[in-house]
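**Student:** Quick one, input39.txt (compact mmCIF, C-alpha atoms and all ligand atoms):
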# COMPACT_ATOMS: atom_id res chain seq x y z
CA MET H 179 -14.15 10.99 20.34
CA ASN H 180 -14.34 14.77 20.72
CA GLU H 181 -12.74 17.30 18.32
CA ALA H 182 -9.54 17.65 20.38
CA GLU H 183 -9.05 13.86 20.60
CA LEU H 184 -9.65 13.51 16.85
CA ALA H 185 -7.12 16.25 16.08
CA LYS H 186 -4.56 14.53 18.36
CA LEU H 187 -5.08 11.19 16.62
CA HIS H 188 -4.74 12.88 13.22
CA LYS H 189 -1.43 14.50 14.27
CA MET H 190 -0.22 11.17 15.62
CA TRP H 191 -0.71 9.39 12.26
CA GLU H 192 0.74 12.30 10.33
CA SER H 193 3.93 12.31 12.39
CA PHE H 194 4.01 8.50 12.34
CA TYR H 195 4.59 8.42 8.57
CA GLU H 196 7.02 11.36 8.64
CA LYS H 197 9.13 9.40 11.14
CA ALA H 198 8.51 5.98 9.59
CA TRP H 199 9.87 7.03 6.20
CA ALA H 200 12.81 8.94 7.76
CA PHE H 201 13.69 5.78 9.73
CA ARG H 202 13.67 3.65 6.58
CA LYS H 203 15.65 6.29 4.70
CA GLY H 204 18.33 5.85 7.38
CA PHE H 205 18.44 2.13 6.61
CA PHE H 206 18.85 2.83 2.88
CA GLU H 207 21.60 5.39 3.57
CA ASP H 208 23.57 2.82 5.59
CA GLU H 209 23.19 0.23 2.83
CA ILE H 210 24.19 2.74 0.14
CA ALA H 211 27.27 3.62 2.21
CA GLU H 212 28.08 -0.13 2.19
CA GLY H 213 27.96 -0.13 -1.62
CA GLU H 214 24.36 -1.00 -2.50
CA ARG H 215 23.27 0.84 -5.63
CA ASN H 216 20.09 -0.78 -6.96
CA PRO H 217 16.76 0.62 -5.65
CA LEU H 218 14.95 -2.72 -5.94
CA ARG H 219 17.70 -4.58 -4.04
CA LEU H 220 17.44 -1.90 -1.35
CA ILE H 221 13.66 -2.23 -1.13
CA HIS H 222 13.92 -6.02 -0.87
CA LEU H 223 16.62 -5.71 1.80
CA LEU H 224 14.25 -3.48 3.76
CA ASP H 225 11.38 -5.98 3.30
CA GLN H 226 13.69 -8.69 4.65
CA ARG H 227 14.64 -6.63 7.70
CA GLU H 228 10.95 -6.04 8.37
CA ARG H 229 10.28 -9.77 8.49
CA PHE H 230 12.74 -10.12 11.38
CA TYR H 231 12.40 -6.82 13.21
CA THR H 232 9.46 -4.63 14.15
CA THR H 233 9.66 -0.86 13.93
CA ARG H 234 7.79 0.76 16.81
CA PHE H 235 7.82 3.80 19.00
CA GLY H 236 10.00 2.91 21.99
CA GLY H 237 7.12 2.93 24.50
CA VAL H 238 4.35 5.11 25.89
CA GLY H 239 5.20 8.76 25.29
CA LYS H 240 8.36 7.89 23.34
CA GLU H 241 8.91 10.05 20.27
CA GLU H 242 11.48 8.00 18.36
CA LEU H 243 11.06 4.79 16.41
CA GLU H 244 13.07 1.77 17.48
CA LEU H 245 13.94 -1.50 15.85
CA THR H 246 13.13 -4.58 17.94
CA LYS H 247 14.12 -8.10 17.01
CA ARG H 248 10.97 -10.22 16.82
CA LYS H 249 10.89 -12.49 19.85
CA ASP H 250 8.92 -15.18 18.04
CA ILE H 251 11.80 -15.80 15.61
CA PRO H 252 14.46 -17.96 17.32
CA GLU H 253 18.16 -18.09 16.50
CA GLY H 254 19.69 -21.31 15.21
CA ARG H 255 18.57 -24.14 13.01
CA ILE H 256 14.89 -25.01 12.88
CA SER H 257 14.27 -28.75 12.74
CA ASN H 258 11.14 -30.86 12.87
CA ILE H 259 12.67 -34.30 12.30
CA ASP H 260 13.64 -36.69 15.10
CA PHE H 261 16.07 -39.52 14.39
CA ASP H 262 16.57 -42.23 16.96
CA PRO H 263 19.86 -44.16 17.36
CA ASN H 264 18.54 -46.91 15.05
CA GLY H 265 18.00 -44.40 12.23
CA GLU H 266 14.21 -44.41 12.60
CA TRP H 267 12.75 -40.99 12.00
CA THR H 268 9.62 -38.96 12.72
CA VAL H 269 8.46 -35.75 11.08
CA ASN H 270 6.87 -33.58 13.78
CA ASP H 271 4.26 -30.85 13.49
CA PHE H 272 5.85 -27.46 13.08
CA SER H 273 4.94 -23.83 13.53
CA LEU H 274 8.15 -22.27 12.15
CA LEU H 275 9.68 -22.44 8.70
CA PRO H 276 13.45 -23.09 8.29
CA THR H 277 13.90 -19.30 8.12
CA GLY H 278 12.53 -19.00 11.65
CA VAL H 279 9.46 -17.16 10.37
CA SER H 280 6.03 -18.45 11.41
CA ALA H 281 4.68 -21.01 8.93
CA VAL H 282 1.21 -19.50 9.00
CA ASP H 283 -0.25 -16.05 9.25
CA LYS H 284 -3.81 -14.83 9.72
CA GLY H 285 -5.53 -12.81 7.05
CA VAL H 286 -8.83 -11.86 5.47
CA PHE H 287 -9.97 -12.64 1.98
CA SER H 288 -13.39 -11.71 0.65
CA SER H 289 -15.75 -12.26 3.61
CA SER H 290 -13.68 -14.84 5.55
CA TYR H 291 -10.83 -14.96 8.01
CA ILE H 292 -8.23 -17.40 6.75
CA THR H 293 -4.77 -18.71 7.56
CA HIS H 294 -2.09 -18.64 4.90
CA SER H 295 1.67 -18.88 4.48
CA SER H 296 3.60 -16.01 6.07
CA TYR H 297 5.37 -15.65 2.74
CA MET H 298 2.14 -15.21 0.80
CA LYS H 299 1.70 -11.63 -0.38
CA CYS H 300 -0.91 -10.24 -2.72
CA ASP H 301 0.98 -8.96 -5.71
CA LYS H 302 -0.66 -5.62 -6.44
CA ILE H 303 2.30 -4.74 -8.62
CA ALA H 304 1.51 -7.66 -10.95
CA VAL H 305 -2.05 -6.32 -11.21
CA LEU H 306 -0.66 -2.92 -12.17
CA ALA H 307 1.88 -4.40 -14.61
CA ASP H 308 -0.91 -6.37 -16.34
CA LEU H 309 -3.20 -3.35 -16.48
CA VAL H 310 -0.45 -1.23 -17.96
CA MET H 311 0.23 -3.95 -20.57
CA ARG H 312 -3.43 -3.79 -21.72
CA HIS H 313 -3.36 -0.03 -22.35
CA GLU H 314 -1.21 2.56 -24.03
CA PHE H 315 -0.52 4.76 -21.03
CA ASP H 316 2.11 7.46 -21.39
CA ALA H 317 2.66 8.06 -17.65
CA VAL H 318 2.02 6.32 -14.32
CA ILE H 319 1.21 8.34 -11.21
CA GLU H 320 0.94 7.07 -7.65
CA LEU H 321 -0.71 9.40 -5.13
CA GLY H 322 0.22 8.89 -1.45
CA SER H 323 3.29 7.00 -2.60
CA GLY H 324 5.46 6.88 0.54
CA TYR H 325 9.03 6.27 -0.63
CA SER H 326 7.68 5.06 -4.03
CA GLN H 327 8.37 1.38 -3.44
CA ASN H 328 5.37 0.48 -5.65
CA LEU H 329 6.69 2.54 -8.57
CA PHE H 330 10.19 1.05 -8.31
CA LYS H 331 8.69 -2.44 -8.14
CA LEU H 332 6.45 -1.75 -11.15
CA HIS H 333 9.40 -0.51 -13.19
CA TYR H 334 11.62 -3.48 -12.27
CA GLN H 335 8.73 -5.89 -12.80
CA GLY H 336 8.70 -4.97 -16.47
CA GLY H 337 6.62 -1.80 -16.30
CA PRO H 338 6.78 0.38 -19.40
CA LYS H 339 9.59 2.89 -19.86
CA ILE H 340 7.38 5.95 -19.51
CA PRO H 341 7.51 8.73 -16.89
CA TYR H 342 6.57 7.72 -13.34
CA TYR H 343 5.39 10.18 -10.71
CA GLY H 344 5.05 9.74 -6.95
CA GLY H 345 3.00 12.31 -5.03
CA GLU H 346 3.51 11.99 -1.25
CA TYR H 347 2.35 13.90 1.82
CA THR H 348 5.49 13.56 3.95
CA GLU H 349 8.80 15.27 3.33
CA SER H 350 10.75 12.19 4.51
CA GLY H 351 8.93 9.83 2.10
CA THR H 352 9.47 12.24 -0.80
CA GLU H 353 13.17 12.71 0.01
CA CYS H 354 13.70 8.97 0.46
CA ALA H 355 12.13 8.29 -2.97
CA LYS H 356 14.34 10.96 -4.57
CA MET H 357 17.42 9.40 -2.98
CA LEU H 358 16.54 5.94 -4.37
CA GLY H 359 15.62 7.42 -7.77
CA ALA H 360 19.01 9.13 -8.01
CA LEU H 361 20.73 5.71 -7.86
CA GLN H 362 19.52 4.70 -11.30
CA GLU H 363 19.13 6.10 -14.79
CA ASP H 364 16.76 3.55 -16.26
CA MET H 365 13.58 4.97 -14.84
CA SER H 366 12.19 8.48 -15.15
CA LEU H 367 10.76 9.19 -11.68
CA THR H 368 9.53 12.55 -10.38
CA ASN H 369 8.62 12.85 -6.71
CA PHE H 370 6.57 15.72 -5.33
CA ARG H 371 4.64 16.67 -2.20
CA TYR H 372 0.93 15.90 -2.45
CA ASP H 373 -2.05 16.19 -0.14
CA PHE H 374 -5.30 14.43 -1.14
CA ASN H 375 -7.29 17.20 0.49
CA ASN H 376 -5.31 20.04 -1.08
CA PRO H 377 -4.20 18.56 -4.41
CA ASP H 378 -1.63 20.21 -6.65
CA TYR H 379 -0.63 18.41 -9.84
CA SER H 380 1.71 21.07 -11.26
CA ALA H 381 4.73 18.73 -10.96
CA ILE H 382 3.14 16.40 -13.53
CA GLY H 383 4.06 16.99 -17.17
CA GLU H 384 1.63 17.11 -20.10
CA HIS H 385 0.37 13.62 -20.92
CA GLU H 386 -2.44 12.22 -23.06
CA ASN H 387 -3.32 9.00 -21.29
CA VAL H 388 -2.25 8.32 -17.71
CA LEU H 389 -2.69 5.59 -15.13
CA VAL H 390 -3.19 6.94 -11.61
CA PHE H 391 -3.26 4.65 -8.60
CA THR H 392 -3.45 4.83 -4.83
CA CYS H 393 -2.46 2.06 -2.45
CA HIS H 394 -3.49 2.20 1.22
CA ALA H 395 -2.98 5.97 1.14
CA ILE H 396 -6.55 7.36 1.03
CA GLU H 397 -6.85 4.93 3.94
CA GLN H 398 -5.05 7.58 6.01
CA VAL H 399 -7.45 10.41 5.15
CA GLN H 400 -10.47 10.36 7.45
CA ASN H 401 -12.70 12.39 5.14
CA LEU H 402 -11.63 12.60 1.53
CA SER H 403 -12.73 15.88 -0.02
CA ALA H 404 -15.50 15.61 -2.65
CA GLU H 405 -13.20 17.62 -4.95
CA THR H 406 -10.31 15.13 -4.97
CA LEU H 407 -11.54 12.45 -7.40
CA PRO H 408 -12.80 15.05 -9.94
CA SER H 409 -9.40 16.78 -9.68
CA ILE H 410 -7.62 13.47 -10.48
CA ALA H 411 -9.96 13.01 -13.46
CA LYS H 412 -8.54 16.24 -14.91
CA ILE H 413 -4.84 15.35 -14.67
CA ALA H 414 -4.71 14.43 -18.38
CA LYS H 415 -6.99 14.05 -21.39
CA LYS H 416 -7.47 10.35 -20.59
CA VAL H 417 -7.19 9.17 -16.99
CA THR H 418 -7.65 5.67 -15.63
CA CYS H 419 -7.54 5.43 -11.85
CA VAL H 420 -7.19 2.34 -9.68
CA HIS H 421 -7.62 2.44 -5.92
CA PHE H 422 -6.09 -0.39 -3.92
CA GLU H 423 -7.73 0.78 -0.71
CA PRO H 424 -9.40 -0.89 2.27
CA PHE H 425 -12.93 0.43 1.73
CA GLY H 426 -14.69 -2.98 1.63
CA TYR H 427 -16.41 -2.38 4.98
CA GLN H 428 -18.05 0.74 3.51
CA LEU H 429 -20.17 -1.44 1.19
CA LYS H 430 -23.36 -2.05 3.07
CA GLN H 431 -24.35 -5.18 1.17
CA GLN H 432 -24.07 -8.53 2.97
CA VAL H 433 -22.36 -6.99 5.99
CA ASN H 434 -20.53 -9.67 7.99
CA GLU H 435 -18.14 -10.10 10.93
CA VAL H 436 -15.14 -9.10 8.79
CA ASP H 437 -16.86 -5.81 7.87
CA ARG H 438 -17.88 -5.06 11.45
CA ASN H 439 -14.34 -5.62 12.78
CA HIS H 440 -12.84 -3.67 9.89
CA GLN H 441 -15.20 -0.76 10.48
CA SER H 442 -14.43 -0.61 14.19
CA MET H 443 -10.66 -0.70 13.49
CA PHE H 444 -11.08 2.26 11.11
CA ALA H 445 -13.24 4.19 13.58
CA GLN H 446 -10.65 3.65 16.36
CA ARG H 447 -7.77 4.79 14.13
CA ASN H 448 -9.74 7.64 12.59
CA TRP H 449 -8.92 6.29 9.13
CA ASN H 450 -10.92 6.78 5.93
CA GLN H 451 -14.68 6.61 6.22
CA ASN H 452 -15.88 7.91 2.86
CA LEU H 453 -13.94 6.72 -0.22
CA LEU H 454 -16.87 4.64 -1.46
CA LYS H 455 -19.27 7.56 -0.91
CA CYS H 456 -16.94 9.87 -2.88
CA LEU H 457 -16.75 7.36 -5.74
CA LEU H 458 -20.53 6.94 -5.93
CA ASN H 459 -21.22 10.69 -5.63
CA ALA H 460 -18.68 11.50 -8.36
CA GLN H 461 -20.31 8.84 -10.55
CA ARG H 462 -23.79 10.29 -9.95
CA LYS H 463 -22.52 13.80 -10.75
CA LYS H 464 -20.94 12.46 -13.97
CA GLU H 465 -17.45 13.42 -12.85
CA ILE H 466 -16.01 9.91 -13.24
CA ASN H 467 -16.92 6.67 -15.00
CA LEU H 468 -16.76 3.95 -12.34
CA SER H 469 -16.38 0.50 -13.91
CA PHE H 470 -15.28 -1.95 -11.20
CA ILE H 471 -15.51 -2.55 -7.46
CA GLY H 472 -13.95 -5.66 -5.90
CA LYS H 473 -14.61 -5.99 -2.19
CA ASN H 474 -11.66 -7.33 -0.12
CA ILE H 475 -10.47 -8.89 -3.34
CA MET H 476 -6.75 -8.45 -2.75
CA GLY H 477 -7.07 -9.89 0.73
CA SER H 478 -5.02 -8.60 3.65
CA PHE H 479 -1.96 -10.76 3.10
CA ASP H 480 0.57 -8.02 3.83
CA ARG H 481 -1.64 -5.69 5.84
CA GLY H 482 -2.58 -7.44 9.09
CA LEU H 483 -6.34 -7.70 9.17
CA ASN H 484 -6.88 -4.77 6.80
CA PRO H 485 -8.08 -6.24 3.48
CA THR H 486 -7.57 -4.35 0.24
CA SER H 487 -10.47 -3.66 -2.12
CA ILE H 488 -10.18 -2.39 -5.67
CA ALA H 489 -12.09 0.39 -7.41
CA VAL H 490 -11.39 1.29 -11.05
CA TRP H 491 -12.68 4.35 -12.86
CA ASP H 492 -11.79 6.52 -15.85
CA ASN H 493 -12.73 9.96 -17.07
CA ASP H 494 -14.62 8.77 -20.16
CA ILE H 495 -17.90 10.20 -18.87
CA ALA H 496 -19.65 9.55 -22.21
CA ALA H 497 -19.15 5.83 -21.60
CA GLN H 498 -20.92 5.93 -18.22
CA GLY H 499 -23.31 3.08 -17.64
CA GLN H 500 -22.53 1.35 -20.93
CA PHE H 501 -22.70 -2.42 -20.92
CA LYS H 502 -19.28 -3.89 -20.06
CA PRO H 503 -19.16 -7.11 -22.10
CA ASN H 504 -16.24 -8.64 -20.20
CA ALA H 505 -17.26 -7.81 -16.64
C1 LIG J 601 0.35 2.89 4.36
S1 LIG J 601 1.34 4.12 3.59
C2 LIG J 601 1.31 3.57 1.91
C3 LIG J 601 2.41 4.14 1.08
C4 LIG J 601 2.47 3.57 -0.35
N1 LIG J 601 1.24 3.83 -1.07
C5 LIG J 601 2.78 2.09 -0.35
O1 LIG J 601 1.89 1.28 -0.68
O2 LIG J 601 3.93 1.77 -0.01
C6 LIG J 601 0.23 5.52 3.57
C7 LIG J 601 0.80 6.74 2.90
O3 LIG J 601 -0.22 7.74 2.78
C8 LIG J 601 0.39 8.99 3.00
N2 LIG J 601 -0.63 10.00 3.35
C9 LIG J 601 -1.22 10.23 4.54
N3 LIG J 601 -2.06 11.27 4.47
C10 LIG J 601 -2.00 11.74 3.19
C11 LIG J 601 -2.61 12.84 2.48
N4 LIG J 601 -3.47 13.66 3.09
N5 LIG J 601 -2.30 13.01 1.19
C12 LIG J 601 -1.43 12.19 0.55
N6 LIG J 601 -0.81 11.13 1.17
C13 LIG J 601 -1.10 10.91 2.46
C14 LIG J 601 1.36 8.70 4.13
O4 LIG J 601 2.33 9.71 4.30
C15 LIG J 601 1.96 7.38 3.67
O5 LIG J 601 3.04 7.56 2.82
As structure tokens, please, write out the structure in this file.
**Tutor:**
Amino acid sequence: MNEAELAKLHKMWESFYEKAWAFRKGFFEDEIAEGERNPLRLIHLLDQRERFYTTRFGGVGKEELELTKRKDIPEGRISNIDFDPNGEWTVNDFSLLPTGVSAVDKGVFSSSYITHSSYMKCDKIAVLADLVMRHEFDAVIELGSGYSQNLFKLHYQGGPKIPYYGGEYTESGTECAKMLGALQEDMSLTNFRYDFNNPDYSAIGEHENVLVFTCHAIEQVQNLSAETLPSIAKIAKKVTCVHFEPFGYQLKQQVNEVDRNHQSMFAQRNWNQNLLKCLLNAQRKKEINLSFIGKNIMGSFDRGLNPTSIAVWDNDIAAQGQFKPNA
């Protein structure tokens, strides 16, 4: 791809999320007008709609997103049992669940393609909730947070009652998160505009010990700046950062078919190429203390064939390279 083509692709993805979040905000507004008030109910209602409808640009050259009912989900009752007039019965093979949703989906876990239930999701929020439980964080910050669905889910999944922050690139995602946040008083949520390659953390209050996370957001940044991770490390006195990002293909150990396909998908979409390199360089320059890398460990259960890896680091540089007894 030449420079002009790359720039066009970049603009396309940028405007995709601006429109995608505005479209979903419209859904929330309609539901709120109907009387819905709870952010988590709204997020689950959206998830449900997205199981039955796809949200796509209306066709080649079309600028607006459209909702299309999924053709593979039939109306009416789904049955796989035949009864004959004598009351004998046969259970037949089936491809659809009683909801009409496909019984199986294709995914990736570790280094293998697998099939799994369509209802199987990898619960990154439970991972976050457990991590938070093991530490005394005094704030949680998601960077590239969209409409902050992860932060709402973490709060309603028993996350601690400490300040939450969502930094997001798009205006529509930020406004949508603010609209949902205004529906409740239980959770302290601050939403602000954030660009990984031009970071500004001034919206974040003074905290001692924060958890920062990213979830399929650095994914969208073709070349992460070498300054970004060190800048995150300075957000507070103590920073722990978890990346739920699809960088598994960037690990050049035991490269397999999954990695090759993943890499070519990322090259075609102009998505992130260098998160792993940034992590390793920051470690070598003693800017971060990298403690864990799990390749494709969260699978791709809700992300098509785009498996999520985990990287964990903190800013305790003095602890770099120390033996981790529980690893
Ligand atoms: C796949 S969505 C994930 C959103 C959210 N993390 C979640 O899991 O629901 C990717 C997000 O990254 C955001 N993004 C894209 N480029 C960005 C950048 N340069 N800085 C910060 N966020 C960015 C997009 O606007 C979008 O909200």
**Student:** Which polymer residues have any atom within 8 Å of an atom of region 225-231 of chain H, counting only C-alpha atoms, with same-chain residues fewer than 4 positions away left out, as a PDB file with C-alpha atoms, keeping the file's coordinate frame?
**Tutor:**
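As written to disk, part01.pdb reads:
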ATOM      1  CA  ILE H 221      13.660  -2.230  -1.130  1.00  0.00           C
ATOM      2  CA  LEU H 245      13.940  -1.500  15.850  1.00  0.00           C
ATOM      3  CA  THR H 246      13.130  -4.580  17.940  1.00  0.00           C
ATOM      4  CA  LYS H 247      14.120  -8.100  17.010  1.00  0.00           C
ATOM      5  CA  ARG H 248      10.970 -10.220  16.820  1.00  0.00           C
ATOM      6  CA  ILE H 251      11.800 -15.800  15.610  1.00  0.00           C
ATOM      7  CA  VAL H 279       9.460 -17.160  10.370  1.00  0.00           C
TER       8      VAL H 279
END
**Student:** Which residues of chain H come within 6 Å of ligand LIG 601 (chain J), and what is each one's closest atom pair and distance in Å (one decimal), counting only C-alpha atoms and all ligand atoms, sorted by chain and residue number, as a tab-separated table?
**Tutor:**
residue	atom	partner	partner_atom	distance
H:Tyr195	CA	J:LIG601	O4	5.0
H:Gly322	CA	J:LIG601	N6	3.6
H:Ser323	CA	J:LIG601	N1	4.1
H:Gly324	CA	J:LIG601	O5	3.4
H:Gln327	CA	J:LIG601	O2	5.6
H:Asn328	CA	J:LIG601	O2	6.0
H:Glu346	CA	J:LIG601	N6	5.0
H:Tyr347	CA	J:LIG601	N6	4.3
H:Thr348	CA	J:LIG601	O4	5.0
H:Tyr372	CA	J:LIG601	C12	5.3
H:Asp373	CA	J:LIG601	N5	3.5
H:Phe374	CA	J:LIG601	N5	4.1
H:Asn375	CA	J:LIG601	N4	5.8
H:Cys393	CA	J:LIG601	N1	4.3
H:His394	CA	J:LIG601	C1	5.0
H:Ala395	CA	J:LIG601	O3	3.7
H:Gln398	CA	J:LIG601	C9	4.9
H:Val399	CA	J:LIG601	N3	5.5
**Student:** For Glu386 (chain H), which of H:Arg481, H:Arg371, H:Arg219, H:Lys412 is the closest residue, counting all atoms listed in the file?
**Tutor:**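 Between H:Arg481, H:Arg371, H:Arg219, H:Lys412, the residue approaching Glu386 (chain H) most closely is H:Lys412.
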**Student:** Kindly indicate which residue among H:Ser403, H:Thr352, H:Asn376, H:Ser326 lies nearest to Lys455 (chain H), using all atoms listed in the file for the distances.
**Tutor:**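 For Lys455 (chain H), the nearest of the candidates is H:Ser403.
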**Student:** Using all atoms listed in the file, which residue out of H:Leu457, H:Leu224, H:Leu389, H:Met357 lies closest to Leu407 (chain H)?
**Tutor:**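 That would be H:Leu457, the residue with the smallest distance to Leu407 (chain H).
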**Student:** CA of Asn439 (chain H) and CA of Pro424 (chain H), how far apart in Å?
**Tutor:**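 CA of Asn439 (chain H) lies at a distance of 12.5 Å from CA of Pro424 (chain H).
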**Student:** Which protein, DNA or RNA residues have an atom at most 12 Å from (-2.8, -0.5, -14.7), counting all atoms listed in the file? List them as a ChimeraX atom specification.
**Tutor:** /H:302-320,329,332,337-338,387-392,417-422,488-492
**Student:** Can you report as AutoDock Vina command-line options the centre and edge lengths in Å, to one decimal, of an axis-aligned box around the listed atoms of region 336-348 of chain H padded with 8 Å on each side?
**Tutor:**
--center_x 6.0 --center_y 4.5 --center_z -8.0 --size_x 23.2 --size_y 34.9 --size_z 39.8
**Student:** Pick from H:Ser193, H:Thr268, H:Asn180, H:Gln461: nearest to Phe235 (chain H), with only C-alpha atoms counted?
**Tutor:**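 Using only C-alpha atoms, Phe235 (chain H) sits closest to H:Ser193.
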**Student:** I'd like the contact shell of Lys356 (chain H) - 8 Å cut-off, all atoms listed in the file, skipping same-chain residues fewer than 4 positions apart - returned as a PyMOL selection string.
**Tutor:** chain H and resi 352+360+368-369
**Student:** Between H:Leu453, H:Ala355, H:Leu429, H:Leu220, single out the one closest to Asn401 (chain H), counting all atoms listed in the file.
**Tutor:** H:Leu453
**Student:** Hey, which of H:Cys354, H:Ile396, H:Ala414, H:Leu275 ends up closest to Asn448 (chain H)? Count only C-alpha atoms.
**Tutor:**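 For Asn448 (chain H), the nearest of the candidates is H:Ile396.
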**Student:** Would you compute the distance between CA of Asp437 (chain H) and CA of Ala460 (chain H)? Give it in Å to one decimal.
**Tutor:**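 Distance between the two atoms: 23.8 Å.
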**Student:** So that I can check the surroundings of region 200-217 of chain H, please list as number ranges by chain every protein, DNA and RNA residue that reaches within 8 Å of it, counting all atoms listed in the file and ignoring chain neighbours fewer than 6 positions away.
**Tutor:** H: 224, 243, 330, 350-351, 354, 358-359, 361-362
**Student:** How about completing region 184-198 of chain H with N, CA, C and O atoms and giving it to me as a PDB file, in the coordinates of the input?
**Tutor:**
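Just written: selection_31.pdb:
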ATOM      1  N   LEU H 184      -9.784  13.827  18.279  1.00  0.00           N
ATOM      2  CA  LEU H 184      -9.650  13.510  16.850  1.00  0.00           C
ATOM      3  C   LEU H 184      -8.429  14.203  16.248  1.00  0.00           C
ATOM      4  O   LEU H 184      -7.647  13.599  15.504  1.00  0.00           O
ATOM      5  N   ALA H 185      -8.254  15.487  16.616  1.00  0.00           N
ATOM      6  CA  ALA H 185      -7.120  16.250  16.080  1.00  0.00           C
ATOM      7  C   ALA H 185      -5.804  15.625  16.545  1.00  0.00           C
ATOM      8  O   ALA H 185      -4.835  15.524  15.783  1.00  0.00           O
ATOM      9  N   LYS H 186      -5.784  15.153  17.816  1.00  0.00           N
ATOM     10  CA  LYS H 186      -4.560  14.530  18.360  1.00  0.00           C
ATOM     11  C   LYS H 186      -4.230  13.243  17.604  1.00  0.00           C
ATOM     12  O   LYS H 186      -3.079  12.984  17.232  1.00  0.00           O
ATOM     13  N   LEU H 187      -5.276  12.456  17.339  1.00  0.00           N
ATOM     14  CA  LEU H 187      -5.080  11.190  16.620  1.00  0.00           C
ATOM     15  C   LEU H 187      -4.571  11.479  15.203  1.00  0.00           C
ATOM     16  O   LEU H 187      -3.662  10.811  14.703  1.00  0.00           O
ATOM     17  N   HIS H 188      -5.149  12.505  14.570  1.00  0.00           N
ATOM     18  CA  HIS H 188      -4.740  12.880  13.220  1.00  0.00           C
ATOM     19  C   HIS H 188      -3.257  13.249  13.202  1.00  0.00           C
ATOM     20  O   HIS H 188      -2.486  12.785  12.376  1.00  0.00           O
ATOM     21  N   LYS H 189      -2.840  14.072  14.180  1.00  0.00           N
ATOM     22  CA  LYS H 189      -1.430  14.500  14.270  1.00  0.00           C
ATOM     23  C   LYS H 189      -0.532  13.286  14.476  1.00  0.00           C
ATOM     24  O   LYS H 189       0.567  13.190  13.921  1.00  0.00           O
ATOM     25  N   MET H 190      -1.019  12.352  15.310  1.00  0.00           N
ATOM     26  CA  MET H 190      -0.220  11.170  15.620  1.00  0.00           C
ATOM     27  C   MET H 190       0.089  10.386  14.340  1.00  0.00           C
ATOM     28  O   MET H 190       1.240  10.035  14.082  1.00  0.00           O
ATOM     29  N   TRP H 191      -0.938  10.160  13.489  1.00  0.00           N
ATOM     30  CA  TRP H 191      -0.710   9.390  12.260  1.00  0.00           C
ATOM     31  C   TRP H 191       0.167  10.149  11.278  1.00  0.00           C
ATOM     32  O   TRP H 191       1.009   9.582  10.601  1.00  0.00           O
ATOM     33  N   GLU H 192      -0.057  11.485  11.240  1.00  0.00           N
ATOM     34  CA  GLU H 192       0.740  12.300  10.330  1.00  0.00           C
ATOM     35  C   GLU H 192       2.217  12.189  10.701  1.00  0.00           C
ATOM     36  O   GLU H 192       3.076  11.936   9.857  1.00  0.00           O
ATOM     37  N   SER H 193       2.510  12.338  12.001  1.00  0.00           N
ATOM     38  CA  SER H 193       3.930  12.310  12.390  1.00  0.00           C
ATOM     39  C   SER H 193       4.448  10.882  12.335  1.00  0.00           C
ATOM     40  O   SER H 193       5.641  10.659  12.141  1.00  0.00           O
ATOM     41  N   PHE H 194       3.544   9.898  12.449  1.00  0.00           N
ATOM     42  CA  PHE H 194       4.010   8.500  12.340  1.00  0.00           C
ATOM     43  C   PHE H 194       4.683   8.283  10.989  1.00  0.00           C
ATOM     44  O   PHE H 194       5.797   7.781  10.909  1.00  0.00           O
ATOM     45  N   TYR H 195       4.005   8.678   9.893  1.00  0.00           N
ATOM     46  CA  TYR H 195       4.590   8.420   8.570  1.00  0.00           C
ATOM     47  C   TYR H 195       5.817   9.282   8.309  1.00  0.00           C
ATOM     48  O   TYR H 195       6.761   8.830   7.663  1.00  0.00           O
ATOM     49  N   GLU H 196       5.816  10.521   8.814  1.00  0.00           N
ATOM     50  CA  GLU H 196       7.020  11.360   8.640  1.00  0.00           C
ATOM     51  C   GLU H 196       8.214  10.622   9.261  1.00  0.00           C
ATOM     52  O   GLU H 196       9.283  10.520   8.656  1.00  0.00           O
ATOM     53  N   LYS H 197       8.009  10.084  10.461  1.00  0.00           N
ATOM     54  CA  LYS H 197       9.130   9.400  11.140  1.00  0.00           C
ATOM     55  C   LYS H 197       9.408   8.034  10.538  1.00  0.00           C
ATOM     56  O   LYS H 197      10.560   7.605  10.445  1.00  0.00           O
ATOM     57  N   ALA H 198       8.325   7.337  10.133  1.00  0.00           N
ATOM     58  CA  ALA H 198       8.510   5.980   9.590  1.00  0.00           C
ATOM     59  C   ALA H 198       9.365   6.017   8.331  1.00  0.00           C
ATOM     60  O   ALA H 198      10.279   5.202   8.159  1.00  0.00           O
TER      61      ALA H 198
END
